[in-house]
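What's in model_37.cif: mmCIF, C-alpha atoms
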```cif
data_target
#
loop_
_atom_site.label_atom_id
_atom_site.label_comp_id
_atom_site.auth_asym_id
_atom_site.auth_seq_id
_atom_site.Cartn_x
_atom_site.Cartn_y
_atom_site.Cartn_z
CA MET A 45 18.39 9.90 -5.87
CA ASP A 46 20.35 13.16 -6.03
CA GLU A 47 22.12 14.67 -3.02
CA LYS A 48 19.47 17.31 -2.34
CA MET A 49 16.69 14.72 -2.31
CA LYS A 50 18.77 12.51 -0.06
CA LYS A 51 19.24 15.39 2.42
CA ASP A 52 15.51 16.22 2.31
CA PHE A 53 14.65 12.55 2.89
CA ILE A 54 16.97 12.35 5.89
CA GLN A 55 15.52 15.59 7.28
CA MET A 56 11.97 14.23 6.98
CA LEU A 57 12.99 11.17 8.97
CA LYS A 58 14.66 13.36 11.61
CA ASP A 59 11.54 15.54 11.84
CA ALA A 60 9.45 12.44 12.55
CA ARG A 61 11.65 11.40 15.46
CA GLY A 62 9.84 11.61 18.77
CA THR A 63 6.39 12.22 17.27
CA ASP A 64 3.35 10.12 18.11
CA ASN A 65 3.33 8.60 14.65
CA GLU A 66 7.08 8.13 14.27
CA TRP A 67 6.87 4.48 13.22
CA GLU A 68 4.14 5.14 10.65
CA VAL A 69 6.21 7.95 9.11
CA ILE A 70 9.28 5.72 8.89
CA MET A 71 7.34 2.90 7.25
CA ALA A 72 5.70 5.33 4.81
CA MET A 73 9.13 6.69 3.93
CA VAL A 74 10.39 3.16 3.25
CA ASP A 75 7.41 2.61 0.92
CA LEU A 76 8.26 5.85 -0.85
CA LEU A 77 11.69 4.55 -1.79
CA GLU A 78 9.88 2.21 -4.16
CA ASP A 79 7.82 5.00 -5.81
CA ASP A 80 9.95 7.76 -7.38
CA ASP A 81 6.99 10.05 -8.21
CA GLU A 82 5.58 9.89 -4.69
CA PHE A 83 9.03 10.41 -3.18
CA GLU A 84 9.57 13.53 -5.28
CA ARG A 85 6.12 14.85 -4.31
CA LEU A 86 6.88 14.35 -0.63
CA ALA A 87 10.31 15.97 -0.97
CA GLU A 88 8.67 18.98 -2.69
CA LEU A 89 6.10 19.19 0.10
CA HIS A 90 8.73 19.09 2.84
CA LYS A 91 10.88 21.71 1.10
CA GLY A 92 7.93 24.03 0.53
CA LYS A 93 6.64 23.76 4.07
CA SER A 94 10.09 24.57 5.41
CA GLU A 95 10.45 27.66 3.17
CA TYR A 96 6.96 29.20 3.36
CA ARG A 97 4.30 29.67 6.02
CA GLN A 98 1.65 29.28 3.29
CA PHE A 99 2.51 26.57 0.77
CA LEU A 100 0.68 24.50 -1.82
CA THR A 101 2.09 22.38 -4.61
CA GLU A 102 1.00 23.04 -8.19
CA HIS A 103 -1.13 19.89 -8.14
CA GLU A 104 -2.82 20.87 -4.87
CA ALA A 105 -3.58 24.41 -6.02
CA LYS A 106 -5.11 23.25 -9.29
CA LYS A 107 -7.12 20.57 -7.50
CA ALA A 108 -8.41 23.13 -4.99
CA VAL A 109 -9.64 25.62 -7.60
CA GLU A 110 -11.26 23.05 -9.88
CA GLY A 111 -13.88 22.42 -7.19
CA PHE A 112 -14.87 26.05 -6.65
CA ILE A 113 -18.48 27.09 -7.14
CA ASN A 114 -18.16 30.78 -7.89
CA TYR A 115 -20.43 33.62 -6.73
CA ASP A 116 -22.09 33.69 -10.19
CA GLY A 117 -22.71 29.93 -10.32
CA SER A 118 -19.81 29.15 -12.64
CA ARG A 119 -17.27 26.55 -11.58
CA GLY A 120 -13.49 26.41 -11.31
CA ALA A 121 -10.77 29.02 -11.54
CA LYS A 122 -11.40 32.58 -12.69
CA TRP A 123 -7.77 32.63 -13.77
CA PRO A 124 -6.98 29.06 -14.92
CA MET A 125 -3.69 30.07 -16.58
CA PRO A 126 -1.30 30.85 -13.70
CA ALA A 127 1.36 32.50 -15.87
CA MET A 128 -1.13 35.05 -17.20
CA VAL A 129 -2.47 36.06 -13.78
CA TRP A 130 1.05 36.24 -12.32
CA GLU A 131 2.11 38.49 -15.20
CA THR A 132 -0.86 40.77 -14.49
CA ILE A 133 -0.14 40.82 -10.76
CA GLU A 134 3.49 41.75 -11.36
CA ARG A 135 2.51 44.42 -13.90
CA LEU A 136 0.24 45.93 -11.24
CA GLY A 137 3.09 45.99 -8.70
CA GLY A 138 2.30 42.76 -6.85
CA ARG A 139 4.32 39.62 -6.19
CA LYS A 140 3.24 36.08 -6.99
CA ALA A 141 5.28 34.77 -4.03
CA GLU A 142 6.89 36.29 -0.97
CA GLU A 143 9.86 34.60 0.65
CA GLY A 144 8.99 32.99 3.95
CA LYS A 145 5.31 33.93 3.65
CA TYR A 146 3.58 32.32 0.66
CA ASN A 147 4.51 30.53 -2.52
CA CYS A 148 3.02 31.14 -5.97
CA TRP A 149 0.65 28.17 -5.77
CA ALA A 150 -0.84 29.26 -2.46
CA MET A 151 -1.33 32.70 -4.05
CA PHE A 152 -2.95 31.13 -7.13
CA ALA A 153 -5.48 29.16 -5.06
CA VAL A 154 -6.31 31.97 -2.61
CA LEU A 155 -6.58 34.58 -5.39
CA ASN A 156 -9.10 32.38 -7.19
CA MET A 157 -10.89 31.72 -3.88
CA ILE A 158 -11.28 35.47 -3.30
CA HIS A 159 -12.86 35.81 -6.75
CA SER A 160 -15.06 32.77 -6.16
CA ASP A 161 -16.38 33.89 -2.78
CA TYR A 162 -16.34 37.70 -2.99
CA GLY A 163 -16.11 38.57 -6.69
CA GLY A 164 -19.68 39.81 -6.94
CA ALA A 165 -19.24 42.23 -4.06
CA ILE A 166 -15.82 43.43 -5.26
CA MET A 167 -17.14 44.09 -8.78
CA THR A 168 -19.71 46.53 -7.42
CA ALA A 169 -16.78 48.79 -6.52
CA VAL A 170 -14.04 48.08 -9.10
CA GLN A 171 -13.58 46.58 -12.58
CA GLY A 172 -10.75 45.55 -14.92
CA ASP A 173 -7.19 45.75 -13.60
CA ALA A 174 -8.48 47.37 -10.40
CA TYR A 175 -10.56 44.22 -9.82
CA VAL A 176 -7.51 41.96 -10.22
CA LYS A 177 -5.50 44.22 -7.90
CA MET A 178 -8.25 44.21 -5.25
CA CYS A 179 -8.51 40.40 -5.38
CA TYR A 180 -4.71 40.24 -5.13
CA MET A 181 -4.60 42.59 -2.14
CA LEU A 182 -7.27 40.54 -0.34
CA ALA A 183 -5.39 37.33 -1.15
CA VAL A 184 -2.18 38.76 0.33
CA ALA A 185 -4.12 39.88 3.42
CA TRP A 186 -5.55 36.36 3.79
CA LEU A 187 -2.17 34.67 3.28
CA CYS A 188 -0.29 37.04 5.61
CA ASP A 189 -2.92 37.44 8.34
CA ARG A 190 -1.11 38.39 11.54
CA ASP A 191 -3.44 36.26 13.64
CA GLU A 192 -2.21 33.27 11.60
CA ARG A 193 -5.71 31.80 11.60
CA ASN A 194 -5.68 31.16 7.87
CA ASP A 195 -3.84 28.08 6.65
CA ALA A 196 -4.05 27.33 2.94
CA ARG A 197 -3.18 23.65 3.38
CA LYS A 198 -5.94 23.14 5.97
CA HIS A 199 -8.43 25.41 4.23
CA PHE A 200 -8.21 23.48 0.97
CA GLY A 201 -8.17 20.08 2.69
CA PHE A 202 -4.53 19.04 2.28
CA GLU A 203 -3.83 18.63 6.02
#
```
Can the structure in the file be given as structure tokens, please?
Amino acid sequence: MDEKMKKDFIQMLKDARGTDNEWEVIMAMVDLLEDDDEFERLAELHKGKSEYRQFLTEHEAKKAVEGFINYDGSRGAKWPMPAMVWETIERLGGRKAEEGKYNCWAMFAVLNMIHSDYGGAIMTAVQGDAYVKMCYMLAVAWLCDRDERNDARKHFGFE
């Protein structure tokens, strides 16, 4: 276990102190010491949640979009290749992640959700790059909603 992971692990235990499920968290953490993959996943989750208001892991984002039933009856992600959609977003002046607000995987899932749920309506007004930009702008609005009613982790069933 490297020093950063060790610090994250200790912080997770400290965060559990005084909670209703403190003992369960401690025992789960002990179990994690025996499973390197699960420990790394939990450390990634803790780090992400401490850095962003809207956070998903790569695995969670891909799992979320694979279950989408899109407006046209198709299934899964409109943009299954994250690198390609992020390149397009950046070319159009957008950002795949915004410090403190959302990470790239939350953007990936919400962007695909916007297409899935509202793509038909959006396409009546815009096409091509303008369509991608409109989906992106709606995804940012969803992720950064000032009422803070939207929570990607809860919305996609990860909390």
- prompt: So what does the PyMOL selection byres ((chain A and resi 146) around 6) actually pick up in this one, as a VMD selection string?
  reply: chain A and resid 96 98 to 99 141 to 142 145 147
task: Considering all atoms listed in the file, return as a list in words whatever protein or nucleic-acid residues lie within 10 Å of Asp195 in chain A, sequence-local ones (same chain, fewer than 3 positions apart) excluded.
output: Arg97, Gln98, Phe99, Ala150, Trp186, Leu187, Cys188, Asp189, Glu192, Lys198, His199, Phe200, Gly201 and Glu203 of chain A
Starting from the PyMOL selection byres ((chain A and resi 110) around 8), expand the selection into actual residues of this file and give them as a short mmCIF file (atom, residue, chain, number, x, y, z; two decimals) with C-alpha atoms, in the coordinates of the input.
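Output file selection-v3.cif follows:
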```cif
data_model
loop_
_atom_site.label_atom_id
_atom_site.label_comp_id
_atom_site.auth_asym_id
_atom_site.auth_seq_id
_atom_site.Cartn_x
_atom_site.Cartn_y
_atom_site.Cartn_z
CA LYS A 106 -5.11 23.25 -9.29
CA LYS A 107 -7.12 20.57 -7.50
CA ALA A 108 -8.41 23.13 -4.99
CA VAL A 109 -9.64 25.62 -7.60
CA GLY A 111 -13.88 22.42 -7.19
CA PHE A 112 -14.87 26.05 -6.65
CA ARG A 119 -17.27 26.55 -11.58
CA GLY A 120 -13.49 26.41 -11.31
CA ALA A 121 -10.77 29.02 -11.54
#
```
task: Kindly indicate which residue among A:Leu182, A:Gly92, A:Ala196, A:His159 lies nearest to Gly138 in chain A, using only C-alpha atoms for the distances.
output: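 Once distances to Gly138 in chain A are computed over only C-alpha atoms, the minimum belongs to A:Leu182.
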- request: Given the file shown, determine the residues that the PyMOL selection byres ((chain A and resi 116) around 9) selects; report them as number ranges by chain.
  value: A: 113-115, 117-119, 160, 163-164
